[in-house]
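Colleague: Below is one structure. I have some questions about it.
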Amino acid sequence: MESGARSVERLRRNLAKVEERLQAACRRAGRDRKEITLVAVTKSVSAEIAALLPALGIVDLGESRPQELWRKAEALPKDLRWHLIGHLQRNKVARTLPAVHWIDSVDSARLLRTLDSESAKLSKTLDVLLEVNASGEAQKHGFRLGEIAPLAPLLRDLTSVRVRGLMTMAALQEPERCRPAFKLLRELRDRLRQELVPPHAVEHLSMGMSNDFEVAVEEGATFVRLGSVLFEGIV
Ligand SMILES: *Cc1c(COP(=O)(O)O)cnc(C)c1O
């Protein structure tokens, strides 16, 4: 088999396994699989491999570095939904906005203001998630848990950014130990939802990576961001 066909086969098998695990987690939690979107994190693979995803039904793709997102978004069909899932410096906002559908990793009030004014210039409404450092690790980006509620007045003033939910990265550890952080994120979302009015719609929880996505689904994830478990064995 030539290597392209081999990659598709492997990807198809990885995806089928992930799908089974997602459905099992949904059953355990009494959830509908349709509530959860799989975001394929393509940072470890080439644009050529990423381009195999749409035929397998995956149209939400994530990149953690803006430059890499620009490059892949340029190379791939335009009807995909790109999520930026890593830190965005304000000087990269203008270049990033036309390429993304979601910014899942908004981590400061200054970035929110910049995103709002730059989106307004493009007459675009931008969907974002606020990144929360729910595990409290010093090296991680994201708002601290206590910083979210005080953001409400600023959020109500935005005209072109719509807050759609919260995102977090759990610490890399035994998955069951990630559960408290996921629970906290869900509670925080439920509280923020009460405080904001449309166009904000604080419904999403982007949580769960290869190590811990089943626990995240059990705790209410609506986006799981999967890289290694999906691209295992593919070069
Ligand atoms: C890399 C990355 C992922 C995917 O991680 P895997 O462990 O490979 O599934 C998810 N979210 C963010 C923010 C990432 O940087």
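Naming scheme: A, B, ... for chains in displayed order of the structure tokens; residues 1 onward per chain; ligands 1 onward as shown.
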Please list as a list of chain:residue names every residue within 9 Å of Leu115 of chain A, counting only C-alpha atoms and excluding residues in the same chain fewer than 2 positions away.
Modeller: A:Arg90, A:Val93, A:Ala94, A:Leu97, A:Arg110, A:Leu111, A:Leu112, A:Arg113, A:Ser117, A:Glu118, A:Ser119, A:Ala120, A:Leu126, A:Ser160, A:Val161
Colleague: Could the residues that lie within 10 Å of ligand 1, counting only C-alpha atoms and all ligand atoms, be listed as a PDB file with C-alpha atoms, in the first residue's frame?
Modeller:
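That gives us result30.pdb:
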```pdb
ATOM      1  CA  VAL A  39     -11.549  18.925  17.436  1.00  0.00           C
ATOM      2  CA  ALA A  40      -8.555  17.276  15.770  1.00  0.00           C
ATOM      3  CA  VAL A  41      -5.354  18.908  16.991  1.00  0.00           C
ATOM      4  CA  THR A  42      -3.056  18.811  14.000  1.00  0.00           C
ATOM      5  CA  LYS A  43       0.089  20.368  15.484  1.00  0.00           C
ATOM      6  CA  SER A  44       2.079  17.114  15.255  1.00  0.00           C
ATOM      7  CA  GLY A  62      -7.124  22.922  16.085  1.00  0.00           C
ATOM      8  CA  GLU A  63      -3.632  24.403  16.156  1.00  0.00           C
ATOM      9  CA  SER A  64      -1.836  25.842  19.160  1.00  0.00           C
ATOM     10  CA  ARG A  65       0.573  28.139  17.286  1.00  0.00           C
ATOM     11  CA  LEU A  84      -6.802  28.447  17.745  1.00  0.00           C
ATOM     12  CA  ILE A  85      -6.154  26.587  20.994  1.00  0.00           C
ATOM     13  CA  GLY A  86      -2.906  28.231  22.175  1.00  0.00           C
ATOM     14  CA  HIS A  87      -1.632  31.606  23.308  1.00  0.00           C
ATOM     15  CA  ASP A 104     -10.621  28.667  22.275  1.00  0.00           C
ATOM     16  CA  SER A 105      -7.811  30.139  24.335  1.00  0.00           C
ATOM     17  CA  GLU A 131      -9.207  29.795  28.888  1.00  0.00           C
ATOM     18  CA  HIS A 141      -1.809  30.468  30.412  1.00  0.00           C
ATOM     19  CA  MET A 167     -11.676  26.044  27.952  1.00  0.00           C
ATOM     20  CA  THR A 168      -9.113  24.358  30.137  1.00  0.00           C
ATOM     21  CA  MET A 169      -6.119  22.044  29.991  1.00  0.00           C
ATOM     22  CA  ALA A 170      -5.894  19.631  32.887  1.00  0.00           C
ATOM     23  CA  LEU A 172      -1.004  15.549  32.807  1.00  0.00           C
ATOM     24  CA  SER A 206     -13.644  22.720  25.715  1.00  0.00           C
ATOM     25  CA  MET A 207     -11.893  20.174  27.900  1.00  0.00           C
ATOM     26  CA  GLY A 208     -10.390  16.761  27.433  1.00  0.00           C
ATOM     27  CA  MET A 209      -7.238  15.782  25.541  1.00  0.00           C
ATOM     28  CA  SER A 210      -5.874  12.350  24.624  1.00  0.00           C
ATOM     29  CA  ASN A 211      -5.028  11.566  28.239  1.00  0.00           C
ATOM     30  CA  ASP A 212      -8.307  12.531  29.862  1.00  0.00           C
ATOM     31  CA  PHE A 213     -11.108  13.007  27.316  1.00  0.00           C
ATOM     32  CA  VAL A 224     -12.677  17.503  23.087  1.00  0.00           C
ATOM     33  CA  ARG A 225      -9.286  18.450  21.630  1.00  0.00           C
ATOM     34  CA  LEU A 226      -7.486  15.324  20.490  1.00  0.00           C
ATOM     35  CA  GLY A 227      -4.033  15.014  18.965  1.00  0.00           C
ATOM     36  CA  SER A 228      -1.852  12.035  19.849  1.00  0.00           C
ATOM     37  CA  VAL A 229      -4.639   9.473  20.240  1.00  0.00           C
ATOM     38  CA  LEU A 230      -5.842  10.343  16.737  1.00  0.00           C
ATOM     39  CA  PHE A 231      -2.494  10.470  14.940  1.00  0.00           C
ATOM     40  CA  GLU A 232      -0.774   7.585  16.723  1.00  0.00           C
TER      41      GLU A 232
END
```
Colleague: Please identify which residues in segment 112-233 of chain A DSSP calls strand (DSSP E) from the backbone, and express them as a PyMOL selection string.
Modeller: chain A and resi 126-131+161-167+204-206+223-226
Colleague: I want to know what sits within 8 Å of Glu218 of chain A, based on only C-alpha atoms, with residues of the same chain fewer than 4 positions away left out; could you give that as a PyMOL selection string?
Modeller: chain A and resi 25-26+28-29+214
Colleague: Write a file of the selected residues as a PDB file, in the first residue's frame, keeping N, CA and C atoms.
Modeller:
```pdb
ATOM      1  N   ALA A  25     -18.267   6.760  26.967  1.00  0.00           N
ATOM      2  CA  ALA A  25     -18.290   7.816  27.998  1.00  0.00           C
ATOM      3  C   ALA A  25     -19.655   8.502  28.011  1.00  0.00           C
ATOM      4  N   CYS A  26     -20.228   8.724  26.834  1.00  0.00           N
ATOM      5  CA  CYS A  26     -21.572   9.318  26.748  1.00  0.00           C
ATOM      6  C   CYS A  26     -22.600   8.423  27.432  1.00  0.00           C
ATOM      7  N   ARG A  28     -22.095   6.256  29.818  1.00  0.00           N
ATOM      8  CA  ARG A  28     -21.907   6.299  31.277  1.00  0.00           C
ATOM      9  C   ARG A  28     -22.520   7.556  31.876  1.00  0.00           C
ATOM     10  N   ALA A  29     -22.449   8.656  31.120  1.00  0.00           N
ATOM     11  CA  ALA A  29     -22.909   9.938  31.665  1.00  0.00           C
ATOM     12  C   ALA A  29     -24.346  10.260  31.256  1.00  0.00           C
ATOM     13  N   GLU A 214     -12.189  11.036  28.246  1.00  0.00           N
ATOM     14  CA  GLU A 214     -13.399  10.324  28.692  1.00  0.00           C
ATOM     15  C   GLU A 214     -13.954  10.935  29.974  1.00  0.00           C
TER      16      GLU A 214
END
```
Colleague: Among segment 15-158 of chain A, which residues does DSSP mark as helix (DSSP H, G or I) when it is run on the backbone? Keep the chain and numbering as in the structure and answer as a ChimeraX atom specification.
Modeller: /A:15-29,33-35,47-50,54-56,66-75,90-99,109-121,145-147,149-157
Colleague: Would you compute the distance between atom CA of Val202 of chain A and atom CA of Val163 of chain A? Give it in Å to one decimal.
Modeller: 6.1 Å
Colleague: Report, in Å with one decimal, the straight-line distance from atom CA of Leu188 of chain A to atom CA of Leu130 of chain A.
Modeller: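 Computing the Euclidean distance for atom CA of Leu188 of chain A and atom CA of Leu130 of chain A yields 11.0 Å.
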Colleague: Can you tell me which residues surround Trp102 of chain A at a distance of at most 8 Å, considering only C-alpha atoms, apart from same-chain residues fewer than 4 positions away, and format the answer as a PyMOL selection string?
Modeller: chain A and resi 81-84+126-129
Colleague: May I ask which of the residues A:Glu19, A:Asp107, A:Asp60, A:Asp32 is the closest one to Gly142 of chain A, counting only C-alpha atoms?
Modeller: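 Looking only at the distances to Gly142 of chain A, the closest residue turns out to be A:Asp107.
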